[in-house]
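Peer 1: This is entry.cif (mmCIF, C-alpha atoms).
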data_entry
#
loop_
_atom_site.label_atom_id
_atom_site.label_comp_id
_atom_site.auth_asym_id
_atom_site.auth_seq_id
_atom_site.Cartn_x
_atom_site.Cartn_y
_atom_site.Cartn_z
CA MET A 4 78.82 95.92 94.96
CA ALA A 5 82.32 96.92 96.07
CA VAL A 6 84.82 95.39 98.49
CA ALA A 7 87.03 97.07 101.09
CA LEU A 8 89.85 95.45 103.03
CA VAL A 9 90.37 96.45 106.67
CA PHE A 10 93.36 95.68 108.87
CA PRO A 11 93.35 95.18 112.66
CA GLY A 12 95.14 97.21 115.30
CA GLN A 13 96.76 96.45 118.61
CA GLY A 14 94.78 94.18 120.90
CA SER A 15 94.13 91.49 118.29
CA GLN A 16 97.46 89.75 118.94
CA ASP A 17 97.63 86.31 120.55
CA ILE A 18 100.07 83.43 120.85
CA GLY A 19 99.95 81.22 117.77
CA MET A 20 98.99 84.06 115.44
CA GLY A 21 100.11 83.31 111.92
CA GLN A 22 101.50 79.85 112.71
CA ALA A 23 98.90 77.91 110.75
CA LEU A 24 99.41 80.23 107.78
CA SER A 25 103.16 79.72 107.93
CA GLU A 26 102.85 75.94 108.10
CA ALA A 27 100.26 75.72 105.34
CA PHE A 28 101.57 78.20 102.79
CA PRO A 29 105.19 78.79 101.71
CA VAL A 30 104.34 82.30 100.48
CA ALA A 31 103.06 83.19 103.97
CA LYS A 32 106.19 81.77 105.58
CA SER A 33 108.30 83.93 103.27
CA VAL A 34 106.55 87.03 104.65
CA PHE A 35 107.38 86.06 108.24
CA ASP A 36 110.98 85.28 107.22
CA GLU A 37 111.33 88.65 105.48
CA ILE A 38 110.10 90.50 108.57
CA ASP A 39 112.39 88.50 110.86
CA ASP A 40 115.32 89.46 108.64
CA ALA A 41 114.29 93.12 108.44
CA LEU A 42 114.09 93.43 112.23
CA GLY A 43 117.05 91.21 113.06
CA GLN A 44 114.67 89.45 115.45
CA ASN A 45 112.96 86.06 115.49
CA LEU A 46 109.57 87.74 115.70
CA SER A 47 107.78 84.77 114.13
CA LYS A 48 108.98 82.45 116.92
CA LEU A 49 107.65 84.95 119.46
CA MET A 50 104.33 85.08 117.61
CA PHE A 51 104.01 81.31 117.42
CA GLU A 52 105.30 80.36 120.87
CA GLY A 53 105.26 83.43 123.13
CA PRO A 54 105.72 84.38 125.89
CA LYS A 55 102.55 86.44 125.68
CA ASP A 56 103.80 89.34 127.80
CA GLU A 57 106.68 89.84 125.36
CA LEU A 58 104.42 89.60 122.30
CA THR A 59 102.07 92.15 123.87
CA LEU A 60 104.85 94.75 124.11
CA THR A 61 103.90 97.51 121.70
CA GLU A 62 107.15 97.26 119.73
CA ASN A 63 106.48 93.56 119.04
CA ALA A 64 102.69 93.53 118.71
CA GLN A 65 102.66 96.18 115.99
CA PRO A 66 104.95 94.47 113.44
CA ALA A 67 103.51 91.07 114.40
CA LEU A 68 99.96 92.08 113.52
CA MET A 69 101.16 93.56 110.24
CA ALA A 70 103.00 90.30 109.49
CA VAL A 71 99.84 88.21 109.73
CA SER A 72 97.87 90.67 107.60
CA LEU A 73 100.48 90.72 104.84
CA ALA A 74 100.86 86.94 104.94
CA VAL A 75 97.12 86.68 104.24
CA ILE A 76 97.35 89.21 101.41
CA ARG A 77 100.27 87.42 99.74
CA GLU A 78 98.47 84.07 99.96
CA LEU A 79 95.26 85.54 98.54
CA GLU A 80 97.34 86.95 95.67
CA ALA A 81 99.27 83.72 95.06
CA GLU A 82 96.50 81.13 95.38
CA HIS A 83 93.23 83.00 94.86
CA GLY A 84 94.20 85.56 92.25
CA LEU A 85 93.66 88.67 94.34
CA ASP A 86 94.17 91.75 92.19
CA MET A 87 94.05 94.72 94.56
CA ALA A 88 93.62 97.34 91.85
CA LYS A 89 90.72 95.52 90.18
CA GLN A 90 88.90 93.90 93.10
CA VAL A 91 89.28 96.31 96.02
CA LYS A 92 87.81 99.81 96.21
CA PHE A 93 89.40 100.98 99.50
CA VAL A 94 91.76 99.81 102.20
CA ALA A 95 91.69 101.02 105.80
CA GLY A 96 93.31 100.02 109.06
CA HIS A 97 92.78 100.71 112.74
CA SER A 98 95.79 102.61 114.14
CA LEU A 99 98.85 100.47 113.27
CA GLY A 100 96.55 98.68 110.81
CA GLU A 101 96.78 101.74 108.59
CA TYR A 102 100.41 100.76 107.93
CA SER A 103 99.30 97.21 107.08
CA ALA A 104 96.70 98.62 104.69
CA LEU A 105 99.28 100.81 102.98
CA ALA A 106 101.74 97.92 102.66
CA ALA A 107 99.01 95.72 101.19
CA SER A 108 98.23 98.36 98.58
CA GLY A 109 101.86 98.86 97.60
CA ALA A 110 102.71 102.16 99.31
CA PHE A 111 105.39 100.53 101.50
CA GLY A 112 107.52 97.45 101.15
CA ILE A 113 107.07 94.80 103.84
CA ALA A 114 110.55 95.28 105.32
CA ASP A 115 110.16 99.05 105.56
CA THR A 116 106.73 98.63 107.15
CA ALA A 117 108.12 96.26 109.77
CA ARG A 118 110.92 98.65 110.67
CA LEU A 119 108.56 101.62 110.83
CA LEU A 120 106.17 99.77 113.13
CA LYS A 121 108.98 98.57 115.39
CA LEU A 122 110.12 102.18 115.76
CA ARG A 123 106.54 103.40 116.16
CA GLY A 124 105.96 100.95 118.99
CA GLN A 125 109.19 101.91 120.73
CA ALA A 126 108.52 105.63 120.34
CA MET A 127 104.95 105.39 121.61
CA GLN A 128 106.07 103.41 124.65
CA ALA A 129 108.87 105.86 125.41
CA ALA A 130 106.73 108.98 125.03
CA VAL A 131 105.11 108.71 128.48
CA PRO A 132 106.64 107.12 131.60
CA VAL A 133 104.86 103.96 132.71
CA GLY A 134 102.04 104.75 135.10
CA GLN A 135 101.58 108.37 134.03
CA GLY A 136 99.08 107.64 131.26
CA ALA A 137 95.91 105.58 130.91
CA MET A 138 93.03 104.77 128.58
CA ALA A 139 89.37 103.87 129.13
CA ALA A 140 86.54 102.73 126.89
CA LEU A 141 83.15 104.40 127.30
CA LEU A 142 80.36 101.97 126.49
CA GLY A 143 76.81 102.87 125.57
CA VAL A 144 77.46 106.41 124.31
CA GLY A 145 78.74 108.07 121.18
CA LEU A 146 81.30 110.70 120.29
CA ASP A 147 79.31 113.74 121.43
CA VAL A 148 78.93 112.43 124.99
CA ALA A 149 82.52 111.16 125.09
CA GLU A 150 83.82 114.62 124.19
CA LYS A 151 81.87 116.14 127.08
CA VAL A 152 83.21 113.56 129.52
CA ALA A 153 86.77 114.14 128.30
CA ALA A 154 86.46 117.92 128.68
CA GLU A 155 85.13 117.62 132.23
CA ALA A 156 87.69 115.03 133.27
CA ALA A 157 90.72 116.94 131.97
CA GLN A 158 90.89 119.65 134.65
CA GLY A 159 94.25 120.85 133.35
CA ASP A 160 95.48 117.38 132.37
CA VAL A 161 95.30 115.74 128.94
CA CYS A 162 92.13 113.75 128.27
CA ASP A 163 91.47 113.22 124.56
CA VAL A 164 89.24 111.04 122.40
CA ALA A 165 91.60 108.33 121.15
CA ASN A 166 89.27 106.02 119.23
CA ASP A 167 85.75 106.63 117.93
CA ASN A 168 85.20 102.94 117.29
CA GLU A 169 81.46 102.58 116.71
CA PRO A 170 78.22 104.36 117.67
CA ALA A 171 78.30 103.11 121.27
CA GLN A 172 82.02 102.71 121.99
CA VAL A 173 84.53 105.55 122.32
CA VAL A 174 87.97 105.34 123.93
CA LEU A 175 89.56 108.17 125.93
CA SER A 176 93.29 108.60 126.53
CA GLY A 177 95.55 110.89 128.53
CA HIS A 178 97.02 111.50 131.96
CA ALA A 179 96.24 108.77 134.50
CA ALA A 180 94.81 111.36 136.91
CA ALA A 181 92.31 112.54 134.29
CA LEU A 182 91.29 109.01 133.37
CA ALA A 183 90.75 108.23 137.04
CA ARG A 184 88.10 110.98 137.05
CA VAL A 185 86.36 109.59 133.98
CA ALA A 186 84.51 106.78 135.79
CA GLU A 187 82.75 109.12 138.21
CA ILE A 188 82.02 111.83 135.65
CA SER A 189 80.65 109.24 133.21
CA LYS A 190 77.79 108.39 135.55
CA ASP A 191 76.29 111.82 134.98
CA HIS A 192 76.34 111.40 131.20
CA GLY A 193 74.54 108.10 130.74
CA VAL A 194 77.65 106.02 130.11
CA ARG A 195 76.77 102.36 130.63
CA ARG A 196 80.32 101.47 131.69
CA ALA A 197 83.73 103.13 131.72
CA VAL A 198 86.23 100.31 131.30
CA PRO A 199 89.95 100.93 132.05
CA LEU A 200 92.06 99.37 129.30
CA PRO A 201 95.15 97.24 130.03
CA VAL A 202 97.59 99.34 128.01
CA SER A 203 101.17 100.35 128.64
CA ALA A 204 100.83 103.92 127.33
CA PRO A 205 98.11 106.48 126.48
CA PHE A 206 97.89 106.12 122.71
CA HIS A 207 96.34 108.65 120.30
CA CYS A 208 96.42 111.69 122.55
CA ALA A 209 98.52 114.84 122.88
CA LEU A 210 100.98 113.07 125.18
CA MET A 211 102.18 111.08 122.15
CA GLN A 212 103.75 114.14 120.49
CA PRO A 213 107.35 112.85 120.99
CA ALA A 214 106.35 109.70 119.13
CA ALA A 215 104.77 111.76 116.35
CA ASP A 216 108.04 113.67 116.00
CA ALA A 217 109.97 110.40 115.83
CA MET A 218 107.69 109.07 113.08
CA ALA A 219 108.02 112.31 111.12
CA GLU A 220 111.79 111.83 111.05
CA ALA A 221 111.55 108.13 110.21
CA LEU A 222 109.11 108.68 107.36
CA LYS A 223 111.52 111.16 105.76
CA THR A 224 113.88 108.25 105.12
CA VAL A 225 111.32 105.91 103.52
CA THR A 226 110.06 105.93 99.96
CA VAL A 227 106.27 105.93 99.73
CA ALA A 228 104.86 104.79 96.40
CA LYS A 229 101.42 105.68 95.14
CA PRO A 230 99.18 102.87 96.45
CA VAL A 231 97.13 100.98 93.89
CA VAL A 232 94.03 101.38 96.10
CA PRO A 233 93.02 104.54 98.01
CA GLY A 234 93.66 104.25 101.73
CA ILE A 235 91.13 105.77 104.14
CA SER A 236 93.02 107.69 106.79
CA ASN A 237 92.29 107.33 110.51
CA VAL A 238 92.59 111.05 111.15
CA THR A 239 90.54 112.37 108.23
CA ALA A 240 88.18 109.44 107.51
CA SER A 241 88.79 110.18 103.82
CA PRO A 242 90.87 108.45 101.12
CA THR A 243 94.15 109.45 99.55
CA GLN A 244 96.73 108.01 97.17
CA ASP A 245 99.16 110.92 97.44
CA PRO A 246 102.51 109.80 98.97
CA GLU A 247 103.24 113.08 100.75
CA GLU A 248 99.72 113.27 102.13
CA ILE A 249 100.06 109.68 103.35
CA LYS A 250 103.18 110.60 105.32
CA LYS A 251 101.49 113.63 106.87
CA ARG A 252 98.43 111.64 107.89
CA LEU A 253 100.56 108.92 109.49
CA VAL A 254 102.36 111.51 111.62
CA ASP A 255 99.09 113.19 112.61
CA GLN A 256 97.62 109.80 113.44
CA VAL A 257 99.98 109.26 116.40
CA VAL A 258 98.33 112.04 118.41
CA GLY A 259 95.01 112.19 116.56
CA THR A 260 91.71 110.39 117.00
CA VAL A 261 91.20 107.11 115.17
CA ARG A 262 87.91 107.99 113.45
CA TRP A 263 86.97 104.41 112.71
CA ARG A 264 83.20 104.88 112.87
CA GLU A 265 83.45 107.63 110.25
CA CYS A 266 85.77 105.50 108.11
CA VAL A 267 83.11 102.79 108.03
CA GLN A 268 80.40 105.33 107.28
CA PHE A 269 82.49 106.73 104.42
CA MET A 270 82.81 103.27 102.90
CA ALA A 271 79.06 102.70 103.22
CA ALA A 272 78.38 106.02 101.49
CA ASN A 273 80.73 105.10 98.64
CA GLU A 274 79.24 101.85 97.37
CA VAL A 275 81.11 99.39 99.62
CA THR A 276 78.91 96.42 100.46
CA ASP A 277 81.45 93.81 101.59
CA ILE A 278 84.32 94.17 104.04
CA ILE A 279 87.09 91.65 104.62
CA GLU A 280 89.09 91.93 107.84
CA VAL A 281 92.60 90.83 106.89
CA GLY A 282 94.71 89.42 109.71
CA ALA A 283 94.48 88.35 113.32
CA GLY A 284 91.20 88.37 115.25
CA LYS A 285 87.69 89.51 114.43
CA VAL A 286 87.47 92.85 116.24
CA LEU A 287 87.00 95.07 113.21
CA ALA A 288 84.31 92.90 111.65
CA GLY A 289 82.29 93.39 114.83
CA LEU A 290 82.82 97.15 114.87
CA VAL A 291 81.85 97.34 111.20
CA ARG A 292 78.59 95.46 111.73
CA ARG A 293 77.65 97.58 114.73
CA THR A 294 78.27 100.75 112.73
CA HIS A 295 76.51 99.65 109.55
CA ARG A 296 74.50 96.46 109.96
CA ASP A 297 73.90 96.01 106.23
CA PHE A 298 77.57 95.24 105.55
CA ASN A 299 78.66 91.72 104.81
CA ALA A 300 81.80 91.51 106.97
CA VAL A 301 84.09 88.47 107.09
CA SER A 302 87.40 87.86 108.86
CA ALA A 303 90.35 86.21 107.13
CA GLY A 304 93.23 85.35 109.44
CA ALA A 305 93.51 81.57 109.25
CA PRO A 306 93.92 79.11 106.36
CA ASP A 307 90.33 77.86 106.53
CA ALA A 308 88.99 81.42 106.17
CA LEU A 309 90.77 82.34 102.98
CA ALA A 310 88.37 80.58 100.63
CA ALA A 311 85.45 82.56 102.06
CA ALA A 312 87.39 85.80 101.59
CA ALA A 313 88.23 84.80 98.02
CA ALA A 314 84.55 84.07 97.34
CA VAL A 315 83.66 87.62 98.41
CA LEU A 316 86.39 89.06 96.21
CA ASN A 317 85.33 87.03 93.20
CA ALA A 318 81.56 87.41 93.57
#
Produce structure tokens that represent the structure in this file.
Peer 2:
Amino acid sequence: MAVALVFPGQGSQDIGMGQALSEAFPVAKSVFDEIDDALGQNLSKLMFEGPKDELTLTENAQPALMAVSLAVIRELEAEHGLDMAKQVKFVAGHSLGEYSALAASGAFGIADTARLLKLRGQAMQAAVPVGQGAMAALLGVGLDVAEKVAAEAAQGDVCDVANDNEPAQVVLSGHAAALARVAEISKDHGVRRAVPLPVSAPFHCALMQPAADAMAEALKTVTVAKPVVPGISNVTASPTQDPEEIKKRLVDQVVGTVRWRECVQFMAANEVTDIIEVGAGKVLAGLVRRTHRDFNAVSAGAPDALAAAAAVLNA
């Protein structure tokens, strides 16, 4: 048996996230305070009280989700004896969650991670004018069909596979005009539904190149330590502990496909039996189970869930 920790991406945020952790555990509150100080922003108040439209802004949602994940990690370390190097075989995160995973495994400090994610959110939002990009989830088909739909819908515009989430859910991203064609084209390829996503920018596609360039510059200024646990990269679906390779993969990730299905399959092929989703929501636990139904997957984002996560770690 082996355990992997996975960290959620954008979309799992909600008002009240992290508040119960902050009120119950001083070590969790210290994480939120450190991030507030690093950003010069009362992000924790926004997380706890809203307004929701402000929390949902990419530049706020990204560091906020990381904050909850790291608060959980620090509490598991302080009260349940979590030893990452001894108890965890891999870490992985979905999109921004890859930063949370790397911070949890010691590659980045919490303050640096918060600042990087704030910049990442701002750069991704600024890369494409509002209204010019879009995203849509294709339900009921896998990557091979999604690639065909994307190629047909492009017609000179950008239409890329953004997220390969699980065997029957793939997300496309690109120019709004191309995504508008996806719904009609999908009908000819057996897609059960093509669902437009309520996003402010077309993430993980070629249109994000300005944001990738911004992250390349930002990562030059940050020290990356060798993580104590290998991190499985979104863009390669393979692990690394090399600091320079980590930086390269994080830059590539901005425009590249989040290969989450393959990340899960890699873990399954490498002795992982139990997965703990660390942070807000339960999205990844669901994706994990639909990709590999034999996994034991639990979510740990609230005080009453930490004991169950600790039991998995200490089994």
Peer 1: Calculate how many Å separate CA of Gly259 in chain A from CA of Ala215 in chain A, rounding to one decimal.
Peer 2: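 Here the two named atoms are 9.8 Å from each other.
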Peer 1: Within 12 Å of (79.9, 106.7, 126.1), in the coordinates the file gives, what residues turn up when you count all atoms listed in the file, written out as a PDB file with C-alpha atoms, in the coordinates of the input?
Peer 2:
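Contents of the output file point12.pdb:
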ATOM      1  CA  ALA A 139      89.370 103.870 129.130  1.00  0.00           C
ATOM      2  CA  ALA A 140      86.540 102.730 126.890  1.00  0.00           C
ATOM      3  CA  LEU A 141      83.150 104.400 127.300  1.00  0.00           C
ATOM      4  CA  LEU A 142      80.360 101.970 126.490  1.00  0.00           C
ATOM      5  CA  GLY A 143      76.810 102.870 125.570  1.00  0.00           C
ATOM      6  CA  VAL A 144      77.460 106.410 124.310  1.00  0.00           C
ATOM      7  CA  GLY A 145      78.740 108.070 121.180  1.00  0.00           C
ATOM      8  CA  LEU A 146      81.300 110.700 120.290  1.00  0.00           C
ATOM      9  CA  ASP A 147      79.310 113.740 121.430  1.00  0.00           C
ATOM     10  CA  VAL A 148      78.930 112.430 124.990  1.00  0.00           C
ATOM     11  CA  ALA A 149      82.520 111.160 125.090  1.00  0.00           C
ATOM     12  CA  GLU A 150      83.820 114.620 124.190  1.00  0.00           C
ATOM     13  CA  LYS A 151      81.870 116.140 127.080  1.00  0.00           C
ATOM     14  CA  VAL A 152      83.210 113.560 129.520  1.00  0.00           C
ATOM     15  CA  ALA A 153      86.770 114.140 128.300  1.00  0.00           C
ATOM     16  CA  VAL A 164      89.240 111.040 122.400  1.00  0.00           C
ATOM     17  CA  ASN A 166      89.270 106.020 119.230  1.00  0.00           C
ATOM     18  CA  ASP A 167      85.750 106.630 117.930  1.00  0.00           C
ATOM     19  CA  ASN A 168      85.200 102.940 117.290  1.00  0.00           C
ATOM     20  CA  GLU A 169      81.460 102.580 116.710  1.00  0.00           C
ATOM     21  CA  PRO A 170      78.220 104.360 117.670  1.00  0.00           C
ATOM     22  CA  ALA A 171      78.300 103.110 121.270  1.00  0.00           C
ATOM     23  CA  GLN A 172      82.020 102.710 121.990  1.00  0.00           C
ATOM     24  CA  VAL A 173      84.530 105.550 122.320  1.00  0.00           C
ATOM     25  CA  VAL A 174      87.970 105.340 123.930  1.00  0.00           C
ATOM     26  CA  LEU A 175      89.560 108.170 125.930  1.00  0.00           C
ATOM     27  CA  VAL A 185      86.360 109.590 133.980  1.00  0.00           C
ATOM     28  CA  ALA A 186      84.510 106.780 135.790  1.00  0.00           C
ATOM     29  CA  ILE A 188      82.020 111.830 135.650  1.00  0.00           C
ATOM     30  CA  SER A 189      80.650 109.240 133.210  1.00  0.00           C
ATOM     31  CA  LYS A 190      77.790 108.390 135.550  1.00  0.00           C
ATOM     32  CA  ASP A 191      76.290 111.820 134.980  1.00  0.00           C
ATOM     33  CA  HIS A 192      76.340 111.400 131.200  1.00  0.00           C
ATOM     34  CA  GLY A 193      74.540 108.100 130.740  1.00  0.00           C
ATOM     35  CA  VAL A 194      77.650 106.020 130.110  1.00  0.00           C
ATOM     36  CA  ARG A 195      76.770 102.360 130.630  1.00  0.00           C
ATOM     37  CA  ARG A 196      80.320 101.470 131.690  1.00  0.00           C
ATOM     38  CA  ALA A 197      83.730 103.130 131.720  1.00  0.00           C
ATOM     39  CA  VAL A 198      86.230 100.310 131.300  1.00  0.00           C
TER      40      VAL A 198
END
Peer 1: Could you tell me which residues the PyMOL selection byres ((chain A and resi 263) around 7) grabs in this file, written as a short mmCIF file (atom, residue, chain, number, x, y, z; two decimals) with C-alpha atoms, in the frame of the given file?
Peer 2:
data_model
loop_
_atom_site.label_atom_id
_atom_site.label_comp_id
_atom_site.auth_asym_id
_atom_site.auth_seq_id
_atom_site.Cartn_x
_atom_site.Cartn_y
_atom_site.Cartn_z
CA HIS A 97 92.78 100.71 112.74
CA ASP A 167 85.75 106.63 117.93
CA ASN A 168 85.20 102.94 117.29
CA ASN A 237 92.29 107.33 110.51
CA VAL A 261 91.20 107.11 115.17
CA ARG A 262 87.91 107.99 113.45
CA ARG A 264 83.20 104.88 112.87
CA GLU A 265 83.45 107.63 110.25
CA CYS A 266 85.77 105.50 108.11
CA VAL A 267 83.11 102.79 108.03
#
Peer 1: Determine, for each residue of range 98-194 of chain A having at least one atom at most 10 Å from an atom of range 59-70 of chain A, the closest pair of atoms and their separation in Å to one decimal, counting only C-alpha atoms; order by chain and ascending number, as a Markdown table.
Peer 2:
| residue | atom | partner | partner_atom | distance |
| --- | --- | --- | --- | --- |
| A:Ser98 | CA | A:Gln65 | CA | 9.6 |
| A:Leu99 | CA | A:Gln65 | CA | 6.3 |
| A:Gly100 | CA | A:Met69 | CA | 6.9 |
| A:Glu101 | CA | A:Met69 | CA | 9.4 |
| A:Tyr102 | CA | A:Met69 | CA | 7.6 |
| A:Ser103 | CA | A:Met69 | CA | 5.2 |
| A:Ala104 | CA | A:Met69 | CA | 8.7 |
| A:Ala106 | CA | A:Met69 | CA | 8.8 |
| A:Ala107 | CA | A:Met69 | CA | 9.5 |
| A:Ile113 | CA | A:Ala70 | CA | 8.3 |
| A:Ala114 | CA | A:Pro66 | CA | 9.9 |
| A:Thr116 | CA | A:Pro66 | CA | 7.7 |
| A:Ala117 | CA | A:Pro66 | CA | 5.2 |
| A:Arg118 | CA | A:Pro66 | CA | 7.8 |
| A:Leu119 | CA | A:Pro66 | CA | 8.4 |
| A:Leu120 | CA | A:Pro66 | CA | 5.4 |
| A:Lys121 | CA | A:Glu62 | CA | 4.9 |
| A:Leu122 | CA | A:Glu62 | CA | 7.0 |
| A:Arg123 | CA | A:Glu62 | CA | 7.1 |
| A:Gly124 | CA | A:Glu62 | CA | 3.9 |
| A:Gln125 | CA | A:Glu62 | CA | 5.2 |
| A:Ala126 | CA | A:Glu62 | CA | 8.5 |
| A:Met127 | CA | A:Thr61 | CA | 8.0 |
| A:Gln128 | CA | A:Thr61 | CA | 6.9 |
Peer 1: Residues as selected, C-alpha atoms, written as an mmCIF file, in the frame of the given file, can you do that?
Peer 2:
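File produced: selection-v5.cif:
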data_model
loop_
_atom_site.group_PDB
_atom_site.id
_atom_site.type_symbol
_atom_site.label_atom_id
_atom_site.label_comp_id
_atom_site.auth_asym_id
_atom_site.auth_seq_id
_atom_site.Cartn_x
_atom_site.Cartn_y
_atom_site.Cartn_z
ATOM 1 C CA SER A 98 95.790 102.610 114.140
ATOM 2 C CA LEU A 99 98.850 100.470 113.270
ATOM 3 C CA GLY A 100 96.550 98.680 110.810
ATOM 4 C CA GLU A 101 96.780 101.740 108.590
ATOM 5 C CA TYR A 102 100.410 100.760 107.930
ATOM 6 C CA SER A 103 99.300 97.210 107.080
ATOM 7 C CA ALA A 104 96.700 98.620 104.690
ATOM 8 C CA ALA A 106 101.740 97.920 102.660
ATOM 9 C CA ALA A 107 99.010 95.720 101.190
ATOM 10 C CA ILE A 113 107.070 94.800 103.840
ATOM 11 C CA ALA A 114 110.550 95.280 105.320
ATOM 12 C CA THR A 116 106.730 98.630 107.150
ATOM 13 C CA ALA A 117 108.120 96.260 109.770
ATOM 14 C CA ARG A 118 110.920 98.650 110.670
ATOM 15 C CA LEU A 119 108.560 101.620 110.830
ATOM 16 C CA LEU A 120 106.170 99.770 113.130
ATOM 17 C CA LYS A 121 108.980 98.570 115.390
ATOM 18 C CA LEU A 122 110.120 102.180 115.760
ATOM 19 C CA ARG A 123 106.540 103.400 116.160
ATOM 20 C CA GLY A 124 105.960 100.950 118.990
ATOM 21 C CA GLN A 125 109.190 101.910 120.730
ATOM 22 C CA ALA A 126 108.520 105.630 120.340
ATOM 23 C CA MET A 127 104.950 105.390 121.610
ATOM 24 C CA GLN A 128 106.070 103.410 124.650
#
Peer 1: From the set A:Ala305, A:Gln268, A:Glu52, A:Glu26, which residue has the shortest atom-to-atom contact distance to Arg292 in chain A, counting only C-alpha atoms?
Peer 2: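 The answer is A:Gln268, which sits nearest to Arg292 in chain A.
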Peer 1: Just the residues within 10 Å of Ala23 in chain A, please, counting only C-alpha atoms, with nothing from its chain fewer than 5 positions along; format it as a PyMOL selection string.
Peer 2: chain A and resi 28+31-32+51+304-307
